[in-house]
file protein-v7.pdb (PDB, C-alpha atoms, pLDDT in the B column)
ATOM      1  CA  MET A   1     233.583 133.120 137.786  1.00 43.00           C
ATOM      2  CA  LEU A   2     230.596 131.140 136.581  1.00 47.00           C
ATOM      3  CA  GLU A   3     229.151 133.840 134.337  1.00 47.00           C
ATOM      4  CA  GLY A   4     227.480 132.460 131.244  1.00 50.00           C
ATOM      5  CA  LYS A   5     226.706 129.130 132.950  1.00 76.00           C
ATOM      6  CA  GLY A   6     223.393 130.222 134.427  1.00 86.00           C
ATOM      7  CA  MET A   7     219.938 129.579 133.047  1.00 93.00           C
ATOM      8  CA  ILE A   8     217.085 132.012 133.645  1.00 95.00           C
ATOM      9  CA  LYS A   9     213.858 130.128 134.313  1.00 95.00           C
ATOM     10  CA  GLU A  10     211.498 133.060 134.910  1.00 95.00           C
ATOM     11  CA  THR A  11     211.893 136.817 135.259  1.00 96.00           C
ATOM     12  CA  ASP A  12     210.224 140.179 134.883  1.00 96.00           C
ATOM     13  CA  MET A  13     213.427 142.162 135.583  1.00 97.00           C
ATOM     14  CA  PRO A  14     214.987 144.512 133.051  1.00 97.00           C
ATOM     15  CA  VAL A  15     217.882 142.872 131.201  1.00 96.00           C
ATOM     16  CA  LYS A  16     220.518 145.031 132.910  1.00 96.00           C
ATOM     17  CA  MET A  17     219.266 143.928 136.335  1.00 96.00           C
ATOM     18  CA  GLN A  18     219.168 140.274 135.204  1.00 96.00           C
ATOM     19  CA  ILE A  19     222.819 140.490 134.221  1.00 95.00           C
ATOM     20  CA  GLN A  20     223.633 142.047 137.592  1.00 96.00           C
ATOM     21  CA  ALA A  21     221.749 139.278 139.439  1.00 96.00           C
ATOM     22  CA  MET A  22     223.645 136.527 137.664  1.00 95.00           C
ATOM     23  CA  ALA A  23     226.995 138.290 138.091  1.00 95.00           C
ATOM     24  CA  CYS A  24     226.290 138.801 141.796  1.00 96.00           C
ATOM     25  CA  ALA A  25     225.411 135.107 142.215  1.00 96.00           C
ATOM     26  CA  SER A  26     228.594 134.166 140.398  1.00 94.00           C
ATOM     27  CA  GLN A  27     230.634 136.422 142.668  1.00 95.00           C
ATOM     28  CA  ALA A  28     228.975 134.938 145.771  1.00 96.00           C
ATOM     29  CA  LEU A  29     229.799 131.419 144.570  1.00 94.00           C
ATOM     30  CA  ASP A  30     233.425 132.475 144.187  1.00 94.00           C
ATOM     31  CA  LEU A  31     233.473 133.817 147.755  1.00 96.00           C
ATOM     32  CA  TYR A  32     231.522 131.106 149.610  1.00 95.00           C
ATOM     33  CA  ASP A  33     231.297 127.336 149.562  1.00 92.00           C
ATOM     34  CA  VAL A  34     228.353 126.060 147.510  1.00 89.00           C
ATOM     35  CA  VAL A  35     226.789 124.457 150.613  1.00 90.00           C
ATOM     36  CA  ASP A  36     226.747 127.824 152.454  1.00 92.00           C
ATOM     37  CA  GLY A  37     223.427 129.017 151.041  1.00 91.00           C
ATOM     38  CA  ILE A  38     222.857 131.511 153.849  1.00 94.00           C
ATOM     39  CA  SER A  39     226.088 133.407 153.125  1.00 96.00           C
ATOM     40  CA  ILE A  40     225.461 133.275 149.370  1.00 96.00           C
ATOM     41  CA  ALA A  41     221.912 134.618 149.774  1.00 97.00           C
ATOM     42  CA  GLY A  42     223.079 137.265 152.261  1.00 97.00           C
ATOM     43  CA  HIS A  43     225.768 138.473 149.871  1.00 97.00           C
ATOM     44  CA  ILE A  44     223.278 138.833 147.010  1.00 97.00           C
ATOM     45  CA  LYS A  45     220.655 140.561 149.198  1.00 97.00           C
ATOM     46  CA  LYS A  46     223.177 143.087 150.531  1.00 97.00           C
ATOM     47  CA  GLU A  47     224.437 143.876 147.024  1.00 97.00           C
ATOM     48  CA  PHE A  48     220.919 144.412 145.690  1.00 97.00           C
ATOM     49  CA  ASP A  49     219.900 146.502 148.727  1.00 97.00           C
ATOM     50  CA  LYS A  50     222.972 148.688 148.171  1.00 97.00           C
ATOM     51  CA  ARG A  51     222.485 149.009 144.405  1.00 96.00           C
ATOM     52  CA  TYR A  52     218.675 149.208 144.136  1.00 95.00           C
ATOM     53  CA  GLY A  53     217.434 150.259 147.598  1.00 94.00           C
ATOM     54  CA  GLY A  54     216.230 148.139 150.516  1.00 93.00           C
ATOM     55  CA  GLY A  55     213.623 145.417 150.611  1.00 93.00           C
ATOM     56  CA  TRP A  56     215.309 142.726 148.501  1.00 96.00           C
ATOM     57  CA  GLN A  57     214.891 139.045 149.317  1.00 96.00           C
ATOM     58  CA  CYS A  58     217.035 136.139 148.149  1.00 96.00           C
ATOM     59  CA  VAL A  59     216.492 132.388 148.390  1.00 96.00           C
ATOM     60  CA  VAL A  60     219.252 129.965 147.391  1.00 96.00           C
ATOM     61  CA  GLY A  61     219.038 126.189 147.310  1.00 94.00           C
ATOM     62  CA  SER A  62     218.708 123.071 145.257  1.00 91.00           C
ATOM     63  CA  ASN A  63     215.099 122.281 146.173  1.00 87.00           C
ATOM     64  CA  PHE A  64     212.570 124.726 147.593  1.00 87.00           C
ATOM     65  CA  GLY A  65     209.044 125.963 147.086  1.00 83.00           C
ATOM     66  CA  CYS A  66     207.729 129.450 147.617  1.00 83.00           C
ATOM     67  CA  PHE A  67     204.758 131.758 147.229  1.00 82.00           C
ATOM     68  CA  PHE A  68     205.221 135.521 147.499  1.00 84.00           C
ATOM     69  CA  THR A  69     204.192 138.940 146.240  1.00 85.00           C
ATOM     70  CA  HIS A  70     206.869 141.077 144.615  1.00 89.00           C
ATOM     71  CA  THR A  71     207.306 144.554 143.218  1.00 86.00           C
ATOM     72  CA  GLN A  72     206.731 144.465 139.471  1.00 91.00           C
ATOM     73  CA  GLY A  73     209.994 144.378 137.514  1.00 92.00           C
ATOM     74  CA  SER A  74     212.046 142.952 140.388  1.00 94.00           C
ATOM     75  CA  PHE A  75     211.722 139.173 140.102  1.00 95.00           C
ATOM     76  CA  ILE A  76     214.209 136.627 138.759  1.00 97.00           C
ATOM     77  CA  TYR A  77     214.462 132.868 139.176  1.00 96.00           C
ATOM     78  CA  PHE A  78     217.514 131.201 137.687  1.00 96.00           C
ATOM     79  CA  SER A  79     219.923 128.328 138.175  1.00 94.00           C
ATOM     80  CA  VAL A  80     223.701 128.158 138.227  1.00 91.00           C
ATOM     81  CA  GLU A  81     225.152 124.664 138.281  1.00 85.00           C
ATOM     82  CA  THR A  82     223.079 122.736 140.868  1.00 88.00           C
ATOM     83  CA  LEU A  83     221.740 125.778 142.761  1.00 94.00           C
ATOM     84  CA  ASN A  84     218.562 127.736 142.157  1.00 95.00           C
ATOM     85  CA  PHE A  85     218.365 131.452 142.922  1.00 97.00           C
ATOM     86  CA  LEU A  86     215.222 133.438 143.616  1.00 96.00           C
ATOM     87  CA  ILE A  87     215.699 137.192 143.960  1.00 97.00           C
ATOM     88  CA  PHE A  88     212.879 139.708 144.313  1.00 96.00           C
ATOM     89  CA  LYS A  89     211.971 142.965 145.951  1.00 95.00           C
ATOM     90  CA  ALA A  90     209.174 142.613 148.453  1.00 88.00           C
ATOM     91  CA  ALA A  91     205.954 144.394 147.580  1.00 79.00           C
ATOM     92  CA  SER A  92     204.984 147.186 149.944  1.00 73.00           C
ATOM     93  CA  SER A  93     201.534 146.937 151.450  1.00 61.00           C
TER      94      SER A  93
END

call {"tool": "encode", "arguments": {"input": "protein-v7.pdb", "output": "structure tokens"}}
result
Amino acid sequence: MLEGKGMIKETDMPVKMQIQAMACASQALDLYDVVDGISIAGHIKKEFDKRYGGGWQCVVGSNFGCFFTHTQGSFIYFSVETLNFLIFKAASS
């Protein structure tokens, strides 16, 4: 597992949820090839939907831009090795 090798760049998540996000990313990297961003993101989204309720979004890649609205307390952006991870719960309108 790659736990402890990640770097949080920005977050408003509670610490417990941050730890879960990084552990889930680490687990996904153990299960899928690093170039399979869709499977990695899908794994993380499904885990967060199961643990914290539906509506979670996950973006995984080495270079991307984004602009979104999220539910307060549900956002984290971090890197592990060469990949960046963006996880957030979509804001309800």

call {"tool": "closest_residue", "arguments": {"input": "protein-v7.pdb", "among": "A:Gly73, A:Gly61, A:Gly55, A:Gly37", "to": "A:Ser92", "atoms": "only C-alpha atoms"}}
result
A:Gly55

call {"tool": "residues_around", "arguments": {"input": "protein-v7.pdb", "residues": "A:Val80", "least_positions_apart": "5", "cutoff": "7 Å", "atoms": "all atoms listed in the file", "output": "VMD selection string"}}
result
chain A and resid 5 to 7

call {"tool": "resolve_selection", "arguments": {"input": "protein-v7.pdb", "expression": "the PyMOL selection byres ((chain A and resi 69) around 6)", "output": "PDB file with C-alpha atoms, keeping the file's coordinate frame"}}
result
ATOM      1  CA  PHE A  68     205.221 135.521 147.499  1.00 84.00           C
ATOM      2  CA  HIS A  70     206.869 141.077 144.615  1.00 89.00           C
ATOM      3  CA  ALA A  91     205.954 144.394 147.580  1.00 79.00           C
TER       4      ALA A  91
END

call {"tool": "resolve_selection", "arguments": {"input": "protein-v7.pdb", "expression": "the PyMOL selection byres ((chain A and resi 28) around 12)", "output": "MDAnalysis selection string"}}
result
chainID A and resid 1:3 21:27 29:47 60 80 85

call {"tool": "closest_residue", "arguments": {"input": "protein-v7.pdb", "among": "A:Phe48, A:Phe75, A:Trp56, A:Phe64", "to": "A:Thr11", "atoms": "all atoms listed in the file"}}
result
A:Phe75

call {"tool": "axis_aligned_box", "arguments": {"input": "protein-v7.pdb", "around": "stretch 8-23 of chain A", "padding_each_side": "4 Å", "output": "lines of an AutoDock Vina configuration file"}}
result
center_x = 218.6
center_y = 137.6
center_z = 135.3
size_x = 24.8
size_y = 22.9
size_z = 16.2

call {"tool": "resolve_selection", "arguments": {"input": "protein-v7.pdb", "expression": "the PyMOL selection byres ((chain A and resi 62) around 6)", "output": "PyMOL selection string"}}
result
chain A and resi 61+63+83-84

call {"tool": "write_last_selection", "arguments": {"input": "protein-v7.pdb", "atoms": "C-alpha atoms", "output": "tab-separated table (two decimals), keeping the file's coordinate frame"}}
result
chain	number	residue	atom	x	y	z
A	61	GLY	CA	219.04	126.19	147.31
A	63	ASN	CA	215.10	122.28	146.17
A	83	LEU	CA	221.74	125.78	142.76
A	84	ASN	CA	218.56	127.74	142.16

call {"tool": "atom_distance", "arguments": {"input": "protein-v7.pdb", "atom1": "atom CA of A:Glu10", "atom2": "atom CA of A:Phe88"}}
result
11.6 Å

call {"tool": "closest_residue", "arguments": {"input": "protein-v7.pdb", "among": "A:Cys66, A:Ile76, A:Ala90, A:Cys58", "to": "A:Ile19", "atoms": "all atoms listed in the file"}}
result
A:Ile76

call {"tool": "build_atoms", "arguments": {"input": "protein-v7.pdb", "residues": "stretch 9-24 of chain A", "atoms": "N, CA and C atoms", "output": "PDB file, keeping the file's coordinate frame"}}
result
ATOM      1  N   LYS A   9     215.079 130.920 134.431  1.00 95.00           N
ATOM      2  CA  LYS A   9     213.858 130.128 134.313  1.00 95.00           C
ATOM      3  C   LYS A   9     212.622 131.006 134.209  1.00 95.00           C
ATOM      4  N   GLU A  10     212.633 132.124 134.926  1.00 95.00           N
ATOM      5  CA  GLU A  10     211.498 133.060 134.910  1.00 95.00           C
ATOM      6  C   GLU A  10     211.987 134.412 135.410  1.00 95.00           C
ATOM      7  N   THR A  11     211.492 135.487 134.806  1.00 96.00           N
ATOM      8  CA  THR A  11     211.893 136.817 135.259  1.00 96.00           C
ATOM      9  C   THR A  11     210.934 137.875 134.720  1.00 96.00           C
ATOM     10  N   ASP A  12     210.866 138.977 135.415  1.00 96.00           N
ATOM     11  CA  ASP A  12     210.224 140.179 134.883  1.00 96.00           C
ATOM     12  C   ASP A  12     211.144 141.388 135.069  1.00 96.00           C
ATOM     13  N   MET A  13     212.416 141.113 135.391  1.00 97.00           N
ATOM     14  CA  MET A  13     213.427 142.162 135.583  1.00 97.00           C
ATOM     15  C   MET A  13     213.884 142.712 134.243  1.00 97.00           C
ATOM     16  N   PRO A  14     214.301 143.985 134.236  1.00 97.00           N
ATOM     17  CA  PRO A  14     214.987 144.512 133.051  1.00 97.00           C
ATOM     18  C   PRO A  14     216.283 143.734 132.816  1.00 97.00           C
ATOM     19  N   VAL A  15     216.710 143.661 131.575  1.00 96.00           N
ATOM     20  CA  VAL A  15     217.882 142.872 131.201  1.00 96.00           C
ATOM     21  C   VAL A  15     219.121 143.281 131.995  1.00 96.00           C
ATOM     22  N   LYS A  16     219.342 144.565 132.173  1.00 96.00           N
ATOM     23  CA  LYS A  16     220.518 145.031 132.910  1.00 96.00           C
ATOM     24  C   LYS A  16     220.530 144.475 134.342  1.00 96.00           C
ATOM     25  N   MET A  17     219.374 144.442 134.971  1.00 96.00           N
ATOM     26  CA  MET A  17     219.266 143.928 136.335  1.00 96.00           C
ATOM     27  C   MET A  17     219.448 142.405 136.346  1.00 96.00           C
ATOM     28  N   GLN A  18     218.970 141.725 135.320  1.00 96.00           N
ATOM     29  CA  GLN A  18     219.168 140.274 135.204  1.00 96.00           C
ATOM     30  C   GLN A  18     220.658 139.939 135.156  1.00 96.00           C
ATOM     31  N   ILE A  19     221.373 140.697 134.350  1.00 95.00           N
ATOM     32  CA  ILE A  19     222.819 140.490 134.221  1.00 95.00           C
ATOM     33  C   ILE A  19     223.502 140.715 135.562  1.00 95.00           C
ATOM     34  N   GLN A  20     223.071 141.756 136.279  1.00 96.00           N
ATOM     35  CA  GLN A  20     223.633 142.047 137.592  1.00 96.00           C
ATOM     36  C   GLN A  20     223.330 140.920 138.573  1.00 96.00           C
ATOM     37  N   ALA A  21     222.123 140.368 138.531  1.00 96.00           N
ATOM     38  CA  ALA A  21     221.749 139.278 139.439  1.00 96.00           C
ATOM     39  C   ALA A  21     222.630 138.059 139.217  1.00 96.00           C
ATOM     40  N   MET A  22     222.837 137.705 137.968  1.00 95.00           N
ATOM     41  CA  MET A  22     223.645 136.527 137.664  1.00 95.00           C
ATOM     42  C   MET A  22     225.118 136.766 137.997  1.00 95.00           C
ATOM     43  N   ALA A  23     225.606 137.966 137.750  1.00 95.00           N
ATOM     44  CA  ALA A  23     226.995 138.290 138.091  1.00 95.00           C
ATOM     45  C   ALA A  23     227.192 138.268 139.604  1.00 95.00           C
ATOM     46  N   CYS A  24     226.208 138.773 140.334  1.00 96.00           N
ATOM     47  CA  CYS A  24     226.290 138.801 141.796  1.00 96.00           C
ATOM     48  C   CYS A  24     226.269 137.371 142.360  1.00 96.00           C
TER      49      CYS A  24
END
